[in-house]
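What follows is the content of final.txt, which has compact mmCIF, N, CA and C atoms:
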# COMPACT_ATOMS: atom_id res chain seq x y z
N MET A 649 55.74 31.34 191.32
CA MET A 649 54.76 31.42 192.39
C MET A 649 54.45 32.90 192.63
N SER A 650 53.20 33.23 192.72
CA SER A 650 52.80 34.61 192.95
C SER A 650 53.09 35.01 194.39
N LYS A 651 53.10 36.33 194.63
CA LYS A 651 53.38 36.82 195.98
C LYS A 651 52.34 36.29 196.97
N THR A 652 51.07 36.26 196.57
CA THR A 652 50.02 35.77 197.46
C THR A 652 50.24 34.30 197.81
N ALA A 653 50.58 33.50 196.82
CA ALA A 653 50.83 32.08 197.06
C ALA A 653 52.06 31.89 197.95
N ALA A 654 53.09 32.71 197.72
CA ALA A 654 54.30 32.62 198.55
C ALA A 654 53.99 33.00 199.99
N ASP A 655 53.19 34.06 200.18
CA ASP A 655 52.82 34.47 201.53
C ASP A 655 51.97 33.41 202.22
N THR A 656 51.08 32.77 201.48
CA THR A 656 50.26 31.70 202.04
C THR A 656 51.14 30.54 202.48
N ALA A 657 52.11 30.18 201.65
CA ALA A 657 53.03 29.09 202.01
C ALA A 657 53.84 29.46 203.24
N THR A 658 54.30 30.70 203.31
CA THR A 658 55.07 31.16 204.47
C THR A 658 54.20 31.15 205.72
N ASN A 659 52.96 31.59 205.61
CA ASN A 659 52.04 31.56 206.76
C ASN A 659 51.85 30.15 207.27
N GLU A 660 51.69 29.20 206.37
CA GLU A 660 51.51 27.81 206.78
C GLU A 660 52.77 27.27 207.46
N LEU A 661 53.94 27.63 206.94
CA LEU A 661 55.19 27.19 207.57
C LEU A 661 55.34 27.79 208.97
N ILE A 662 54.97 29.05 209.13
CA ILE A 662 55.06 29.68 210.45
C ILE A 662 54.11 29.01 211.43
N ARG A 663 52.89 28.74 210.99
CA ARG A 663 51.93 28.05 211.87
C ARG A 663 52.47 26.67 212.27
N HIS A 664 53.05 25.97 211.31
CA HIS A 664 53.62 24.66 211.60
C HIS A 664 54.79 24.78 212.57
N ALA A 665 55.64 25.78 212.38
CA ALA A 665 56.78 25.96 213.27
C ALA A 665 56.33 26.20 214.71
N ILE A 666 55.30 27.01 214.88
CA ILE A 666 54.80 27.28 216.23
C ILE A 666 54.20 26.02 216.84
N ALA A 667 53.46 25.26 216.04
CA ALA A 667 52.86 24.03 216.55
C ALA A 667 53.92 22.98 216.89
N ALA A 668 54.92 22.84 216.03
CA ALA A 668 55.92 21.79 216.21
C ALA A 668 57.04 22.18 217.18
N TRP A 669 57.44 23.43 217.19
CA TRP A 669 58.60 23.85 217.96
C TRP A 669 58.26 24.84 219.08
N GLY A 670 57.00 25.10 219.30
CA GLY A 670 56.59 26.07 220.31
C GLY A 670 57.08 25.76 221.71
N TYR A 671 57.28 24.48 221.99
CA TYR A 671 57.75 24.10 223.33
C TYR A 671 59.13 24.68 223.63
N LEU A 672 59.85 25.13 222.61
CA LEU A 672 61.17 25.73 222.83
C LEU A 672 61.08 27.15 223.37
N VAL A 673 59.90 27.75 223.29
CA VAL A 673 59.70 29.09 223.85
C VAL A 673 59.45 28.92 225.34
N ARG A 674 60.29 29.50 226.15
CA ARG A 674 60.15 29.36 227.60
C ARG A 674 58.89 30.06 228.09
N TRP A 675 58.32 29.50 229.14
CA TRP A 675 57.12 30.07 229.72
C TRP A 675 57.45 31.48 230.22
N GLY A 676 56.58 32.43 229.91
CA GLY A 676 56.77 33.81 230.35
C GLY A 676 57.68 34.62 229.46
N SER A 677 58.02 34.10 228.29
CA SER A 677 58.92 34.84 227.41
C SER A 677 58.26 35.21 226.09
N ARG A 678 58.87 36.14 225.42
CA ARG A 678 58.41 36.60 224.12
C ARG A 678 59.64 36.68 223.22
N LEU A 679 59.58 35.98 222.10
CA LEU A 679 60.69 35.97 221.15
C LEU A 679 60.25 36.58 219.83
N THR A 680 61.15 37.33 219.21
CA THR A 680 60.88 37.75 217.84
C THR A 680 60.97 36.51 216.97
N LEU A 681 60.43 36.58 215.78
CA LEU A 681 60.51 35.41 214.89
C LEU A 681 61.95 35.08 214.54
N ALA A 682 62.82 36.08 214.43
CA ALA A 682 64.23 35.81 214.16
C ALA A 682 64.88 35.07 215.33
N GLU A 683 64.54 35.45 216.56
CA GLU A 683 65.06 34.75 217.74
C GLU A 683 64.52 33.32 217.80
N PHE A 684 63.24 33.16 217.48
CA PHE A 684 62.63 31.83 217.45
C PHE A 684 63.32 30.95 216.41
N ALA A 685 63.63 31.53 215.25
CA ALA A 685 64.34 30.80 214.20
C ALA A 685 65.72 30.35 214.69
N ALA A 686 66.41 31.23 215.41
CA ALA A 686 67.73 30.88 215.93
C ALA A 686 67.65 29.73 216.93
N VAL A 687 66.61 29.73 217.76
CA VAL A 687 66.41 28.64 218.73
C VAL A 687 66.18 27.33 217.98
N ILE A 688 65.36 27.36 216.94
CA ILE A 688 65.10 26.15 216.16
C ILE A 688 66.37 25.66 215.50
N ARG A 689 67.16 26.57 214.92
CA ARG A 689 68.43 26.18 214.28
C ARG A 689 69.39 25.54 215.28
N ARG A 690 69.45 26.08 216.50
CA ARG A 690 70.33 25.51 217.53
C ARG A 690 69.85 24.13 217.96
N HIS A 691 68.54 23.93 217.95
CA HIS A 691 67.97 22.68 218.45
C HIS A 691 68.05 21.54 217.42
N SER A 692 67.99 21.86 216.13
CA SER A 692 67.95 20.81 215.12
C SER A 692 68.70 21.23 213.86
N SER A 693 69.33 20.26 213.23
CA SER A 693 70.02 20.52 211.97
C SER A 693 69.29 19.85 210.80
N HIS A 694 68.09 19.39 211.04
CA HIS A 694 67.28 18.73 210.01
C HIS A 694 66.87 19.74 208.93
N GLU A 695 66.76 19.28 207.70
CA GLU A 695 66.41 20.17 206.58
C GLU A 695 65.07 20.86 206.78
N ARG A 696 64.09 20.13 207.31
CA ARG A 696 62.77 20.73 207.54
C ARG A 696 62.86 21.86 208.57
N ALA A 697 63.66 21.66 209.60
CA ALA A 697 63.84 22.69 210.62
C ALA A 697 64.51 23.92 210.01
N LYS A 698 65.46 23.70 209.12
CA LYS A 698 66.12 24.83 208.45
C LYS A 698 65.14 25.60 207.57
N ALA A 699 64.26 24.89 206.89
CA ALA A 699 63.25 25.54 206.04
C ALA A 699 62.28 26.36 206.89
N LEU A 700 61.88 25.81 208.04
CA LEU A 700 61.00 26.54 208.94
C LEU A 700 61.69 27.79 209.48
N ALA A 701 62.95 27.66 209.85
CA ALA A 701 63.69 28.81 210.36
C ALA A 701 63.83 29.89 209.28
N ALA A 702 64.05 29.49 208.04
CA ALA A 702 64.15 30.47 206.95
C ALA A 702 62.82 31.19 206.75
N ALA A 703 61.72 30.47 206.85
CA ALA A 703 60.40 31.10 206.72
C ALA A 703 60.16 32.09 207.85
N LEU A 704 60.58 31.72 209.06
CA LEU A 704 60.42 32.62 210.20
C LEU A 704 61.23 33.89 210.02
N GLU A 705 62.44 33.75 209.48
CA GLU A 705 63.30 34.91 209.29
C GLU A 705 62.80 35.84 208.20
N SER A 706 61.97 35.33 207.29
CA SER A 706 61.47 36.16 206.20
C SER A 706 60.28 37.01 206.62
N ALA A 707 59.76 36.79 207.83
CA ALA A 707 58.61 37.55 208.32
C ALA A 707 59.01 38.34 209.56
N THR A 708 58.18 39.30 209.92
CA THR A 708 58.40 40.05 211.15
C THR A 708 57.26 39.75 212.11
N GLY A 709 57.59 39.68 213.39
CA GLY A 709 56.56 39.41 214.38
C GLY A 709 57.15 38.79 215.63
N PHE A 710 56.30 38.12 216.40
CA PHE A 710 56.75 37.52 217.65
C PHE A 710 55.96 36.26 217.97
N VAL A 711 56.53 35.49 218.90
CA VAL A 711 55.87 34.33 219.50
C VAL A 711 56.02 34.50 221.01
N ALA A 712 54.93 34.36 221.74
CA ALA A 712 54.98 34.49 223.19
C ALA A 712 54.30 33.29 223.83
N ARG A 713 54.74 32.97 225.03
CA ARG A 713 54.13 31.87 225.79
C ARG A 713 53.96 32.34 227.23
N ASP A 714 52.73 32.37 227.69
CA ASP A 714 52.45 32.80 229.05
C ASP A 714 51.17 32.13 229.54
N TRP A 715 50.59 32.66 230.59
CA TRP A 715 49.40 32.04 231.19
C TRP A 715 48.23 31.96 230.22
N ARG A 716 48.26 32.75 229.15
CA ARG A 716 47.21 32.69 228.13
C ARG A 716 47.50 31.63 227.08
N GLY A 717 48.64 30.99 227.17
CA GLY A 717 49.04 30.01 226.16
C GLY A 717 50.01 30.62 225.17
N PHE A 718 50.00 30.11 223.97
CA PHE A 718 50.85 30.65 222.92
C PHE A 718 50.15 31.80 222.23
N ARG A 719 50.89 32.84 221.97
CA ARG A 719 50.39 33.97 221.17
C ARG A 719 51.43 34.24 220.10
N ALA A 720 50.95 34.55 218.93
CA ALA A 720 51.86 34.87 217.84
C ALA A 720 51.23 35.93 216.96
N ASN A 721 52.07 36.76 216.41
CA ASN A 721 51.64 37.78 215.49
C ASN A 721 52.76 37.98 214.49
N TRP A 722 52.44 37.96 213.22
CA TRP A 722 53.49 38.14 212.22
C TRP A 722 52.90 38.76 210.95
N GLN A 723 53.82 39.27 210.15
CA GLN A 723 53.47 39.83 208.84
C GLN A 723 54.54 39.39 207.86
N CYS A 724 54.10 38.86 206.74
CA CYS A 724 55.05 38.39 205.72
C CYS A 724 55.56 39.55 204.88
Take the structure in the file and give it back as structure tokens.
Amino acid sequence: MSKTAADTATNELIRHAIAAWGYLVRWGSRLTLAEFAAVIRRHSSHERAKALAAALESATGFVARDWRGFRANWQC
């Protein structure tokens, strides 16, 4: 798999993680992607959750939840 294809797959996994597990981010907080991955790992031991957490750990960025809704920024 080329680097571009791998980054695209990682981006899709991160988007899915935010959509599926975003409710774990407390209102008014901002988590790094590594912290978000740790929250997901604590919440579920399912293989898909582990794959999502690994994708989150491979990127740098954050997930925030506040009055504007969810905000995320990352770089693979």
Legend entry - Within 8 Å of A:Trp715 using only N, CA and C atoms, minus same-chain residues under 6 positions, as a list in words: Trp675, Gly676 and Ser677 of chain A
Inset, instruction - Show me as a PyMOL selection string the residues that reach within 6 Å of (60.0, 38.2, 215.2), counting all atoms listed in the file and using the file's own coordinates. - result: chain A and resi 679-683+707-711
If you run DSSP over the backbone, which residues in chain A end up strand (DSSP E)? Put them as a PDB file with N, CA and C atoms, in the frame of the given file.
ATOM      1  N   SER A 677      58.020  34.100 228.290  1.00  0.00           N
ATOM      2  CA  SER A 677      58.920  34.840 227.410  1.00  0.00           C
ATOM      3  C   SER A 677      58.260  35.210 226.090  1.00  0.00           C
ATOM      4  N   ARG A 678      58.870  36.140 225.420  1.00  0.00           N
ATOM      5  CA  ARG A 678      58.410  36.600 224.120  1.00  0.00           C
ATOM      6  C   ARG A 678      59.640  36.680 223.220  1.00  0.00           C
ATOM      7  N   LEU A 679      59.580  35.980 222.100  1.00  0.00           N
ATOM      8  CA  LEU A 679      60.690  35.970 221.150  1.00  0.00           C
ATOM      9  C   LEU A 679      60.250  36.580 219.830  1.00  0.00           C
ATOM     10  N   THR A 680      61.150  37.330 219.210  1.00  0.00           N
ATOM     11  CA  THR A 680      60.880  37.750 217.840  1.00  0.00           C
ATOM     12  C   THR A 680      60.970  36.510 216.970  1.00  0.00           C
ATOM     13  N   THR A 708      58.180  39.300 209.920  1.00  0.00           N
ATOM     14  CA  THR A 708      58.400  40.050 211.150  1.00  0.00           C
ATOM     15  C   THR A 708      57.260  39.750 212.110  1.00  0.00           C
ATOM     16  N   GLY A 709      57.590  39.680 213.390  1.00  0.00           N
ATOM     17  CA  GLY A 709      56.560  39.410 214.380  1.00  0.00           C
ATOM     18  C   GLY A 709      57.150  38.790 215.630  1.00  0.00           C
ATOM     19  N   PHE A 710      56.300  38.120 216.400  1.00  0.00           N
ATOM     20  CA  PHE A 710      56.750  37.520 217.650  1.00  0.00           C
ATOM     21  C   PHE A 710      55.960  36.260 217.970  1.00  0.00           C
ATOM     22  N   VAL A 711      56.530  35.490 218.900  1.00  0.00           N
ATOM     23  CA  VAL A 711      55.870  34.330 219.500  1.00  0.00           C
ATOM     24  C   VAL A 711      56.020  34.500 221.010  1.00  0.00           C
ATOM     25  N   ALA A 712      54.930  34.360 221.740  1.00  0.00           N
ATOM     26  CA  ALA A 712      54.980  34.490 223.190  1.00  0.00           C
ATOM     27  C   ALA A 712      54.300  33.290 223.830  1.00  0.00           C
ATOM     28  N   ARG A 713      54.740  32.970 225.030  1.00  0.00           N
ATOM     29  CA  ARG A 713      54.130  31.870 225.790  1.00  0.00           C
ATOM     30  C   ARG A 713      53.960  32.340 227.230  1.00  0.00           C
ATOM     31  N   ASP A 714      52.730  32.370 227.690  1.00  0.00           N
ATOM     32  CA  ASP A 714      52.450  32.800 229.050  1.00  0.00           C
ATOM     33  C   ASP A 714      51.170  32.130 229.540  1.00  0.00           C
ATOM     34  N   GLY A 717      48.640  30.990 227.170  1.00  0.00           N
ATOM     35  CA  GLY A 717      49.040  30.010 226.160  1.00  0.00           C
ATOM     36  C   GLY A 717      50.010  30.620 225.170  1.00  0.00           C
ATOM     37  N   PHE A 718      50.000  30.110 223.970  1.00  0.00           N
ATOM     38  CA  PHE A 718      50.850  30.650 222.920  1.00  0.00           C
ATOM     39  C   PHE A 718      50.150  31.800 222.230  1.00  0.00           C
ATOM     40  N   ARG A 719      50.890  32.840 221.970  1.00  0.00           N
ATOM     41  CA  ARG A 719      50.390  33.970 221.170  1.00  0.00           C
ATOM     42  C   ARG A 719      51.430  34.240 220.100  1.00  0.00           C
ATOM     43  N   ALA A 720      50.950  34.550 218.930  1.00  0.00           N
ATOM     44  CA  ALA A 720      51.860  34.870 217.840  1.00  0.00           C
ATOM     45  C   ALA A 720      51.230  35.930 216.960  1.00  0.00           C
ATOM     46  N   ASN A 721      52.070  36.760 216.410  1.00  0.00           N
ATOM     47  CA  ASN A 721      51.640  37.780 215.490  1.00  0.00           C
ATOM     48  C   ASN A 721      52.760  37.980 214.490  1.00  0.00           C
ATOM     49  N   TRP A 722      52.440  37.960 213.220  1.00  0.00           N
ATOM     50  CA  TRP A 722      53.490  38.140 212.220  1.00  0.00           C
ATOM     51  C   TRP A 722      52.900  38.760 210.950  1.00  0.00           C
ATOM     52  N   GLN A 723      53.820  39.270 210.150  1.00  0.00           N
ATOM     53  CA  GLN A 723      53.470  39.830 208.840  1.00  0.00           C
ATOM     54  C   GLN A 723      54.540  39.390 207.860  1.00  0.00           C
TER      55      GLN A 723
END
Inset, instruction - Could you tell me, as an NGL selection string, which residues of chain A DSSP assigns to alpha helix (DSSP H) when given the backbone? - result: :A and (651-669 or 681-691 or 695-705)
Legend entry - From A:Ala697, A:Ala703, A:Val673, A:Ala665, residue lying nearest A:Gln723 [only C-alpha atoms]: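 The shortest atom-to-atom distance to A:Gln723 comes from A:Ala703.
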Legend entry - Selection: 10 Å around A:Ala701, only C-alpha atoms, excl. self and same-chain fewer than 4 positions, as a ChimeraX atom specification: /A:661-662,665,681-689,695-697,705-706
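In this model, the gap between atom C of A:Gly717 and atom N of A:Thr652 comes to 29.2 Å.
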Inset, instruction - In Å, rounded to a single decimal, give me how far atom C of A:Thr656 is from atom C of A:Cys724. - result: 10.3 Å
